[in-house]
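Quick look at work-v1.txt (compact mmCIF, N, CA and C atoms):
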# COMPACT_ATOMS: atom_id res chain seq x y z
N MET V 804 -18.79 -22.58 -4.03
CA MET V 804 -19.23 -21.81 -2.88
C MET V 804 -19.25 -20.33 -3.24
N PRO V 805 -20.29 -19.62 -2.87
CA PRO V 805 -20.35 -18.18 -3.14
C PRO V 805 -19.45 -17.40 -2.18
N ASP V 806 -19.01 -16.26 -2.64
CA ASP V 806 -18.14 -15.39 -1.85
C ASP V 806 -18.68 -13.97 -1.86
N ILE V 807 -18.28 -13.20 -0.86
CA ILE V 807 -18.55 -11.77 -0.81
C ILE V 807 -17.23 -11.07 -1.10
N LEU V 808 -17.25 -10.15 -2.06
CA LEU V 808 -16.05 -9.39 -2.43
C LEU V 808 -16.41 -7.91 -2.50
N HIS V 809 -15.60 -7.08 -1.86
CA HIS V 809 -15.77 -5.63 -1.93
C HIS V 809 -14.40 -4.98 -2.07
N GLU V 810 -14.37 -3.84 -2.72
CA GLU V 810 -13.13 -3.07 -2.90
C GLU V 810 -13.43 -1.60 -2.67
N LEU V 811 -12.53 -0.92 -1.97
CA LEU V 811 -12.67 0.53 -1.83
C LEU V 811 -11.29 1.15 -1.68
N THR V 812 -11.22 2.44 -1.94
CA THR V 812 -9.99 3.19 -1.72
C THR V 812 -10.23 4.19 -0.60
N ILE V 813 -9.17 4.40 0.17
CA ILE V 813 -9.25 5.26 1.34
C ILE V 813 -8.08 6.23 1.30
N ALA V 814 -8.34 7.49 1.60
CA ALA V 814 -7.29 8.51 1.66
C ALA V 814 -6.61 8.43 3.03
N ALA V 815 -5.84 7.37 3.21
CA ALA V 815 -5.08 7.15 4.44
C ALA V 815 -3.92 6.23 4.09
N ASP V 816 -2.88 6.23 4.93
CA ASP V 816 -1.76 5.34 4.62
C ASP V 816 -2.06 3.91 5.06
N THR V 817 -1.27 2.98 4.55
CA THR V 817 -1.53 1.56 4.80
C THR V 817 -1.42 1.20 6.28
N ASP V 818 -0.53 1.85 7.01
CA ASP V 818 -0.39 1.55 8.43
C ASP V 818 -1.64 1.94 9.21
N ALA V 819 -2.24 3.08 8.89
CA ALA V 819 -3.46 3.51 9.56
C ALA V 819 -4.61 2.55 9.26
N VAL V 820 -4.71 2.12 8.01
CA VAL V 820 -5.75 1.16 7.63
C VAL V 820 -5.56 -0.14 8.38
N TYR V 821 -4.34 -0.64 8.40
CA TYR V 821 -4.04 -1.89 9.10
C TYR V 821 -4.42 -1.79 10.58
N GLU V 822 -4.03 -0.73 11.25
CA GLU V 822 -4.36 -0.56 12.67
C GLU V 822 -5.87 -0.54 12.91
N ALA V 823 -6.60 0.08 12.00
CA ALA V 823 -8.06 0.13 12.14
C ALA V 823 -8.69 -1.25 11.98
N LEU V 824 -8.01 -2.14 11.28
CA LEU V 824 -8.53 -3.49 11.04
C LEU V 824 -8.13 -4.50 12.10
N VAL V 825 -7.10 -4.23 12.89
CA VAL V 825 -6.61 -5.25 13.82
C VAL V 825 -6.74 -4.90 15.30
N THR V 826 -6.72 -3.64 15.65
CA THR V 826 -6.74 -3.29 17.07
C THR V 826 -8.17 -3.15 17.58
N PRO V 827 -8.40 -3.48 18.85
CA PRO V 827 -9.74 -3.29 19.41
C PRO V 827 -10.20 -1.83 19.29
N GLU V 828 -9.27 -0.91 19.52
CA GLU V 828 -9.61 0.51 19.44
C GLU V 828 -10.01 0.90 18.02
N GLY V 829 -9.29 0.40 17.05
CA GLY V 829 -9.61 0.69 15.66
C GLY V 829 -10.93 0.09 15.23
N LEU V 830 -11.14 -1.19 15.52
CA LEU V 830 -12.39 -1.87 15.14
C LEU V 830 -13.60 -1.18 15.75
N ALA V 831 -13.45 -0.69 16.99
CA ALA V 831 -14.57 -0.03 17.68
C ALA V 831 -14.96 1.29 17.04
N GLN V 832 -14.08 1.86 16.23
CA GLN V 832 -14.39 3.14 15.59
C GLN V 832 -15.22 3.00 14.32
N TRP V 833 -15.26 1.79 13.73
CA TRP V 833 -15.97 1.68 12.45
C TRP V 833 -16.90 0.47 12.34
N TRP V 834 -16.71 -0.57 13.17
CA TRP V 834 -17.51 -1.78 13.01
C TRP V 834 -18.52 -1.92 14.14
N THR V 835 -18.06 -2.19 15.34
CA THR V 835 -18.95 -2.25 16.50
C THR V 835 -18.18 -1.79 17.72
N GLN V 836 -18.86 -1.12 18.62
CA GLN V 836 -18.21 -0.65 19.83
C GLN V 836 -17.97 -1.79 20.82
N ASP V 837 -18.68 -2.91 20.65
CA ASP V 837 -18.52 -4.08 21.52
C ASP V 837 -17.51 -5.02 20.86
N VAL V 838 -16.25 -4.82 21.18
CA VAL V 838 -15.19 -5.59 20.51
C VAL V 838 -14.13 -6.03 21.51
N GLN V 839 -13.72 -7.27 21.36
CA GLN V 839 -12.55 -7.80 22.06
C GLN V 839 -11.67 -8.41 20.98
N ALA V 840 -10.41 -8.05 20.96
CA ALA V 840 -9.54 -8.59 19.92
C ALA V 840 -8.11 -8.65 20.43
N THR V 841 -7.46 -9.75 20.13
CA THR V 841 -6.05 -9.93 20.41
C THR V 841 -5.33 -9.94 19.07
N PRO V 842 -4.67 -8.83 18.72
CA PRO V 842 -4.08 -8.70 17.38
C PRO V 842 -2.76 -9.47 17.22
N GLN V 843 -2.88 -10.78 17.22
CA GLN V 843 -1.73 -11.65 16.96
C GLN V 843 -2.25 -12.93 16.33
N THR V 844 -1.42 -13.59 15.54
CA THR V 844 -1.83 -14.84 14.91
C THR V 844 -2.27 -15.82 15.99
N GLY V 845 -3.44 -16.42 15.80
CA GLY V 845 -4.02 -17.31 16.79
C GLY V 845 -4.87 -16.61 17.82
N GLY V 846 -4.85 -15.28 17.82
CA GLY V 846 -5.63 -14.50 18.78
C GLY V 846 -7.12 -14.57 18.49
N ALA V 847 -7.90 -14.25 19.49
CA ALA V 847 -9.36 -14.29 19.36
C ALA V 847 -9.92 -12.90 19.05
N VAL V 848 -10.99 -12.90 18.27
CA VAL V 848 -11.75 -11.69 17.96
C VAL V 848 -13.21 -11.99 18.27
N VAL V 849 -13.84 -11.15 19.09
CA VAL V 849 -15.27 -11.28 19.38
C VAL V 849 -15.90 -9.91 19.16
N LEU V 850 -16.89 -9.87 18.28
CA LEU V 850 -17.61 -8.64 17.97
C LEU V 850 -19.07 -8.85 18.36
N GLY V 851 -19.61 -7.96 19.17
CA GLY V 851 -20.99 -8.10 19.64
C GLY V 851 -21.92 -7.07 19.02
N PHE V 852 -23.12 -7.52 18.73
CA PHE V 852 -24.16 -6.67 18.15
C PHE V 852 -25.46 -6.92 18.91
N ARG V 853 -26.27 -5.87 19.03
CA ARG V 853 -27.58 -5.96 19.70
C ARG V 853 -27.47 -6.63 21.06
N ARG V 854 -26.64 -6.03 21.91
CA ARG V 854 -26.41 -6.55 23.27
C ARG V 854 -26.00 -8.02 23.26
N ARG V 855 -25.17 -8.34 22.30
CA ARG V 855 -24.61 -9.68 22.11
C ARG V 855 -25.65 -10.73 21.75
N SER V 856 -26.81 -10.30 21.23
CA SER V 856 -27.75 -11.29 20.70
C SER V 856 -27.21 -11.86 19.39
N PHE V 857 -26.26 -11.15 18.77
CA PHE V 857 -25.55 -11.64 17.60
C PHE V 857 -24.07 -11.36 17.83
N THR V 858 -23.25 -12.37 17.66
CA THR V 858 -21.80 -12.18 17.78
C THR V 858 -21.10 -12.75 16.56
N ILE V 859 -19.94 -12.22 16.32
CA ILE V 859 -19.01 -12.77 15.35
C ILE V 859 -17.79 -13.18 16.17
N GLU V 860 -17.45 -14.45 16.10
CA GLU V 860 -16.29 -14.95 16.82
C GLU V 860 -15.31 -15.51 15.80
N ALA V 861 -14.05 -15.13 15.93
CA ALA V 861 -13.06 -15.54 14.94
C ALA V 861 -11.70 -15.75 15.58
N GLU V 862 -10.87 -16.47 14.85
CA GLU V 862 -9.47 -16.63 15.21
C GLU V 862 -8.63 -15.91 14.16
N VAL V 863 -7.64 -15.16 14.61
CA VAL V 863 -6.75 -14.47 13.68
C VAL V 863 -5.90 -15.53 12.97
N GLU V 864 -6.07 -15.63 11.67
CA GLU V 864 -5.33 -16.62 10.88
C GLU V 864 -4.00 -16.06 10.40
N CYS V 865 -4.00 -14.80 9.97
CA CYS V 865 -2.80 -14.22 9.38
C CYS V 865 -2.78 -12.72 9.59
N LEU V 866 -1.64 -12.21 9.98
CA LEU V 866 -1.41 -10.76 10.05
C LEU V 866 -0.11 -10.46 9.32
N ASP V 867 -0.20 -9.59 8.34
CA ASP V 867 0.97 -9.11 7.61
C ASP V 867 0.88 -7.58 7.64
N PRO V 868 1.54 -6.95 8.63
CA PRO V 868 1.36 -5.51 8.85
C PRO V 868 1.46 -4.68 7.58
N GLY V 869 0.42 -3.87 7.39
CA GLY V 869 0.34 -2.99 6.24
C GLY V 869 -0.09 -3.66 4.95
N HIS V 870 -0.34 -4.99 5.00
CA HIS V 870 -0.66 -5.72 3.77
C HIS V 870 -1.90 -6.62 3.86
N MET V 871 -2.07 -7.33 4.98
CA MET V 871 -3.15 -8.31 5.03
C MET V 871 -3.57 -8.63 6.45
N VAL V 872 -4.88 -8.87 6.59
CA VAL V 872 -5.47 -9.36 7.83
C VAL V 872 -6.42 -10.48 7.43
N ALA V 873 -6.36 -11.63 8.11
CA ALA V 873 -7.28 -12.72 7.79
C ALA V 873 -7.75 -13.40 9.08
N TRP V 874 -9.04 -13.68 9.12
CA TRP V 874 -9.66 -14.36 10.25
C TRP V 874 -10.45 -15.56 9.75
N ILE V 875 -10.54 -16.59 10.58
CA ILE V 875 -11.43 -17.72 10.35
C ILE V 875 -12.54 -17.62 11.39
N CYS V 876 -13.79 -17.61 10.95
CA CYS V 876 -14.92 -17.51 11.88
C CYS V 876 -15.12 -18.84 12.60
N THR V 877 -15.15 -18.78 13.92
CA THR V 877 -15.20 -19.98 14.74
C THR V 877 -16.49 -20.11 15.54
N GLY V 878 -17.26 -19.04 15.64
CA GLY V 878 -18.48 -19.07 16.44
C GLY V 878 -19.41 -17.95 16.04
N GLY V 879 -20.54 -17.92 16.69
CA GLY V 879 -21.56 -16.94 16.34
C GLY V 879 -22.63 -17.61 15.51
N HIS V 880 -23.15 -16.90 14.54
CA HIS V 880 -24.20 -17.45 13.68
C HIS V 880 -23.66 -18.67 12.93
N PRO V 881 -24.44 -19.76 12.87
CA PRO V 881 -23.96 -20.98 12.20
C PRO V 881 -23.52 -20.77 10.75
N GLU V 882 -24.14 -19.84 10.03
CA GLU V 882 -23.75 -19.63 8.63
C GLU V 882 -22.37 -18.98 8.50
N TRP V 883 -21.92 -18.31 9.57
CA TRP V 883 -20.60 -17.68 9.54
C TRP V 883 -19.49 -18.67 9.88
N VAL V 884 -19.79 -19.68 10.69
CA VAL V 884 -18.76 -20.60 11.18
C VAL V 884 -18.08 -21.29 10.00
N GLY V 885 -16.76 -21.22 9.99
CA GLY V 885 -15.96 -21.81 8.92
C GLY V 885 -15.68 -20.88 7.75
N THR V 886 -16.33 -19.71 7.73
CA THR V 886 -16.03 -18.76 6.66
C THR V 886 -14.73 -18.02 6.99
N ARG V 887 -14.15 -17.43 5.98
CA ARG V 887 -12.87 -16.72 6.13
C ARG V 887 -13.06 -15.27 5.69
N ILE V 888 -12.61 -14.36 6.54
CA ILE V 888 -12.66 -12.93 6.24
C ILE V 888 -11.22 -12.46 6.05
N SER V 889 -10.95 -11.85 4.90
CA SER V 889 -9.60 -11.31 4.70
C SER V 889 -9.68 -9.91 4.12
N PHE V 890 -8.76 -9.10 4.56
CA PHE V 890 -8.60 -7.73 4.06
C PHE V 890 -7.21 -7.65 3.43
N MET V 891 -7.15 -7.38 2.15
CA MET V 891 -5.89 -7.16 1.46
C MET V 891 -5.71 -5.64 1.35
N ILE V 892 -4.55 -5.16 1.73
CA ILE V 892 -4.26 -3.72 1.78
C ILE V 892 -3.12 -3.44 0.82
N SER V 893 -3.32 -2.48 -0.08
CA SER V 893 -2.24 -2.12 -1.00
C SER V 893 -2.26 -0.61 -1.25
N ARG V 894 -1.10 -0.10 -1.55
CA ARG V 894 -0.96 1.34 -1.78
C ARG V 894 -1.11 1.66 -3.26
N THR V 895 -1.93 2.66 -3.55
CA THR V 895 -2.01 3.23 -4.90
C THR V 895 -1.21 4.53 -4.83
N PRO V 896 -1.06 5.26 -5.94
CA PRO V 896 -0.23 6.47 -5.86
C PRO V 896 -0.64 7.46 -4.76
N ASP V 897 -1.93 7.62 -4.51
CA ASP V 897 -2.33 8.61 -3.51
C ASP V 897 -3.34 8.10 -2.48
N ARG V 898 -3.62 6.83 -2.50
CA ARG V 898 -4.61 6.25 -1.58
C ARG V 898 -4.20 4.83 -1.21
N THR V 899 -4.99 4.26 -0.31
CA THR V 899 -4.83 2.85 0.03
C THR V 899 -6.05 2.10 -0.47
N GLN V 900 -5.81 0.99 -1.13
CA GLN V 900 -6.91 0.14 -1.62
C GLN V 900 -7.11 -1.00 -0.63
N VAL V 901 -8.37 -1.27 -0.31
CA VAL V 901 -8.73 -2.38 0.56
C VAL V 901 -9.63 -3.31 -0.23
N ASN V 902 -9.24 -4.59 -0.27
CA ASN V 902 -10.07 -5.62 -0.89
C ASN V 902 -10.51 -6.58 0.20
N LEU V 903 -11.82 -6.62 0.43
CA LEU V 903 -12.40 -7.54 1.41
C LEU V 903 -12.87 -8.79 0.68
N SER V 904 -12.54 -9.94 1.23
CA SER V 904 -13.08 -11.21 0.76
C SER V 904 -13.67 -11.92 1.97
N HIS V 905 -14.93 -12.30 1.87
CA HIS V 905 -15.56 -13.12 2.91
C HIS V 905 -15.99 -14.39 2.20
N THR V 906 -15.20 -15.44 2.35
CA THR V 906 -15.32 -16.65 1.54
C THR V 906 -15.74 -17.86 2.36
N GLY V 907 -16.15 -18.89 1.62
CA GLY V 907 -16.48 -20.16 2.27
C GLY V 907 -17.94 -20.31 2.66
N TRP V 908 -18.80 -19.47 2.13
CA TRP V 908 -20.23 -19.58 2.42
C TRP V 908 -20.78 -20.86 1.80
N ALA V 909 -21.63 -21.54 2.51
CA ALA V 909 -22.21 -22.79 2.01
C ALA V 909 -23.25 -22.53 0.93
N SER V 910 -23.90 -21.36 0.98
CA SER V 910 -25.00 -21.09 0.07
C SER V 910 -25.13 -19.59 -0.17
N ALA V 911 -25.67 -19.23 -1.31
CA ALA V 911 -25.96 -17.82 -1.61
C ALA V 911 -27.27 -17.38 -0.97
N ASP V 912 -28.00 -18.30 -0.41
CA ASP V 912 -29.24 -17.99 0.28
C ASP V 912 -28.93 -17.66 1.74
N GLY V 913 -29.97 -17.48 2.53
CA GLY V 913 -29.77 -17.25 3.95
C GLY V 913 -29.17 -15.89 4.23
N MET V 914 -28.10 -15.87 5.03
CA MET V 914 -27.51 -14.63 5.51
C MET V 914 -26.61 -13.91 4.52
N LEU V 915 -26.13 -14.58 3.51
CA LEU V 915 -25.12 -13.98 2.62
C LEU V 915 -25.56 -12.64 2.02
N PRO V 916 -26.74 -12.50 1.44
CA PRO V 916 -27.10 -11.20 0.87
C PRO V 916 -27.10 -10.06 1.90
N ARG V 917 -27.65 -10.32 3.08
CA ARG V 917 -27.67 -9.30 4.13
C ARG V 917 -26.25 -8.98 4.59
N CYS V 918 -25.44 -10.01 4.72
CA CYS V 918 -24.06 -9.82 5.14
C CYS V 918 -23.29 -8.97 4.13
N SER V 919 -23.51 -9.22 2.84
CA SER V 919 -22.83 -8.43 1.81
C SER V 919 -23.23 -6.96 1.91
N PHE V 920 -24.51 -6.70 2.13
CA PHE V 920 -24.99 -5.33 2.31
C PHE V 920 -24.31 -4.69 3.52
N ASP V 921 -24.28 -5.43 4.64
CA ASP V 921 -23.67 -4.90 5.86
C ASP V 921 -22.18 -4.64 5.68
N TRP V 922 -21.48 -5.52 4.95
CA TRP V 922 -20.07 -5.27 4.69
C TRP V 922 -19.88 -3.95 3.95
N ALA V 923 -20.70 -3.70 2.94
CA ALA V 923 -20.58 -2.44 2.20
C ALA V 923 -20.77 -1.26 3.13
N ARG V 924 -21.76 -1.35 3.99
CA ARG V 924 -22.04 -0.27 4.94
C ARG V 924 -20.88 -0.06 5.91
N TYR V 925 -20.37 -1.15 6.47
CA TYR V 925 -19.28 -1.01 7.43
C TYR V 925 -17.96 -0.60 6.78
N LEU V 926 -17.74 -1.01 5.54
CA LEU V 926 -16.53 -0.54 4.86
C LEU V 926 -16.59 0.96 4.59
N LEU V 927 -17.77 1.48 4.31
CA LEU V 927 -17.92 2.94 4.18
C LEU V 927 -17.68 3.62 5.53
N SER V 928 -18.05 2.95 6.61
CA SER V 928 -17.77 3.47 7.95
C SER V 928 -16.26 3.50 8.20
N LEU V 929 -15.55 2.44 7.78
CA LEU V 929 -14.09 2.41 7.89
C LEU V 929 -13.48 3.58 7.13
N LYS V 930 -13.93 3.80 5.91
CA LYS V 930 -13.44 4.91 5.09
C LYS V 930 -13.68 6.25 5.79
N SER V 931 -14.89 6.43 6.30
CA SER V 931 -15.23 7.67 6.99
C SER V 931 -14.36 7.87 8.22
N TYR V 932 -14.17 6.82 8.99
CA TYR V 932 -13.33 6.91 10.18
C TYR V 932 -11.91 7.36 9.82
N LEU V 933 -11.33 6.74 8.81
CA LEU V 933 -9.95 7.04 8.46
C LEU V 933 -9.78 8.39 7.76
N GLU V 934 -10.81 8.84 7.07
CA GLU V 934 -10.70 10.11 6.33
C GLU V 934 -11.20 11.31 7.12
N THR V 935 -12.14 11.11 8.04
CA THR V 935 -12.71 12.24 8.77
C THR V 935 -12.56 12.14 10.28
N GLY V 936 -12.19 10.95 10.78
CA GLY V 936 -12.11 10.75 12.22
C GLY V 936 -13.40 10.26 12.83
N GLU V 937 -14.45 10.13 12.01
CA GLU V 937 -15.74 9.68 12.53
C GLU V 937 -16.28 8.53 11.69
N GLY V 938 -16.29 7.34 12.28
CA GLY V 938 -16.93 6.20 11.64
C GLY V 938 -18.37 6.09 12.10
N ARG V 939 -19.04 5.07 11.63
CA ARG V 939 -20.42 4.82 12.04
C ARG V 939 -20.55 3.37 12.52
N PRO V 940 -19.90 3.06 13.66
CA PRO V 940 -19.95 1.69 14.15
C PRO V 940 -21.31 1.36 14.76
N HIS V 941 -21.57 0.07 14.89
CA HIS V 941 -22.75 -0.37 15.63
C HIS V 941 -22.56 0.09 17.07
N ARG V 942 -23.58 0.70 17.63
CA ARG V 942 -23.50 1.20 19.01
C ARG V 942 -23.78 0.07 19.98
N ALA V 943 -22.88 -0.10 20.95
CA ALA V 943 -23.03 -1.18 21.93
C ALA V 943 -24.16 -0.88 22.89
Write-out of the structure in structure tokens:
Amino acid sequence: MPDILHELTIAADTDAVYEALVTPEGLAQWWTQDVQATPQTGGAVVLGFRRRSFTIEAEVECLDPGHMVAWICTGGHPEWVGTRISFMISRTPDRTQVNLSHTGWASADGMLPRCSFDWARYLLSLKSYLETGEGRPHRA
């Protein structure tokens, strides 16, 4: 099965990165302004795009504060269902490293190439939000 993998470093501490990845307020600053999220294991995450003509629905699989966030996609586009999104967070001497893995894709065709491009774009938005206070989320 093909996977999407991205890595970036951010000039922010691990706690700030973690909060931006798990809280509705944080997610709304860099990914999409249409967000509902319950930041606890088993909690639901719903992200809306284009007036909810496209949604990402997930269940929080694992939360390890300051270290890891993982979701299992449960609804939305059929190609996303059953995939796993995880963010590994680690401290370098002067920055925080984020490793995104979006795994479990059935095929490298279809949505995967576009999704990989969008992940790169949104991860740069996360970096911008944490370093400058201004992300570039999808506008609701």
Going by DSSP on the backbone, which residues of chain V come out as strand (DSSP E or B)? List them as a VMD selection string. chain V and resid 807 to 813 835 837 to 840 847 to 852 857 to 867 871 to 879 887 to 894 899 to 906 941
Gap from CA of Met871 in chain V to CA of Thr826 in chain V - Å, one decimal: 13.5 Å
Would you mind listing what lies within 10 Å of Ala831 in chain V as a PyMOL selection string, with only C-alpha atoms counted and same-chain residues fewer than 2 positions away left out? chain V and resi 823-824+826-829+833-839+850+938-943
Would you list the residues near (-24.8, -26.4, 5.8) (no more than 8 Å away, in the coordinates of the file, using only N, CA and C atoms) as an NGL selection string? :V and (881-882 or 908-910)
If you keep N, CA and C atoms, can you produce a file of those selected residues as a CSV table (one decimal), in the coordinates of the input?
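Wrote selection_39.csv, looks like this:
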chain,number,residue,atom,x,y,z
V,881,PRO,N,-24.4,-19.8,12.9
V,881,PRO,CA,-24.0,-21.0,12.2
V,881,PRO,C,-23.5,-20.8,10.8
V,882,GLU,N,-24.1,-19.8,10.0
V,882,GLU,CA,-23.8,-19.6,8.6
V,882,GLU,C,-22.4,-19.0,8.5
V,908,TRP,N,-18.8,-19.5,2.1
V,908,TRP,CA,-20.2,-19.6,2.4
V,908,TRP,C,-20.8,-20.9,1.8
V,909,ALA,N,-21.6,-21.5,2.5
V,909,ALA,CA,-22.2,-22.8,2.0
V,909,ALA,C,-23.2,-22.5,0.9
V,910,SER,N,-23.9,-21.4,1.0
V,910,SER,CA,-25.0,-21.1,0.1
V,910,SER,C,-25.1,-19.6,-0.2
Might I get the box with edges along x, y and z of the file that holds all atoms of range 806-825 of chain V listed there, padded by 6 Å on every side, given as centre and edge lengths in Å to one decimal, as AutoDock Vina command-line options?
--center_x -9.7 --center_y -3.9 --center_z 6.2 --size_x 30.6 --size_y 36.8 --size_z 30.2
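The space separating atom C of Arg898 in chain V from atom N of Val820 in chain V comes to 9.6 Å.
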Could you check which of V:Val848, V:Met914, V:Leu933, V:Cys865 is closest to Ala819 in chain V, using all atoms listed in the file?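 Smallest distance to Ala819 in chain V is found for V:Leu933.
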Could you state the separation of atom C of Pro805 in chain V and CA of His880 in chain V in Å, given to one decimal place? 16.6 Å
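Residue nearest Asp867 in chain V, chosen from V:Ala847, V:Cys918, V:Val884, V:Ile892 and counting only C-alpha atoms: V:Ile892.
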Ranking V:Ser919, V:Thr858, V:Thr877, V:Ser893 by minimum distance to Thr817 in chain V and counting all atoms listed in the file, which one comes first?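 Smallest distance to Thr817 in chain V is found for V:Ser893.
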Write out as JSON, numbers by chain which residues come within 7 Å of Thr906 in chain V when counting all atoms listed in the file, dropping same-chain ones fewer than 6 positions away. {"V": [805, 806, 807, 885, 886, 887, 888, 889]}
My list of candidates is V:Val849, V:Leu830, V:Cys876, V:Ala815. Which is closest to Gly907 in chain V when distances are computed with only C-alpha atoms?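 Using only C-alpha atoms, the shortest distance to Gly907 in chain V belongs to V:Cys876.
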Option closest in space to Ser928 in chain V, from V:Gln832, V:Glu822, V:Thr812, V:Phe852 [counting only N, CA and C atoms]: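 Result for the nearest residue to Ser928 in chain V: V:Gln832.
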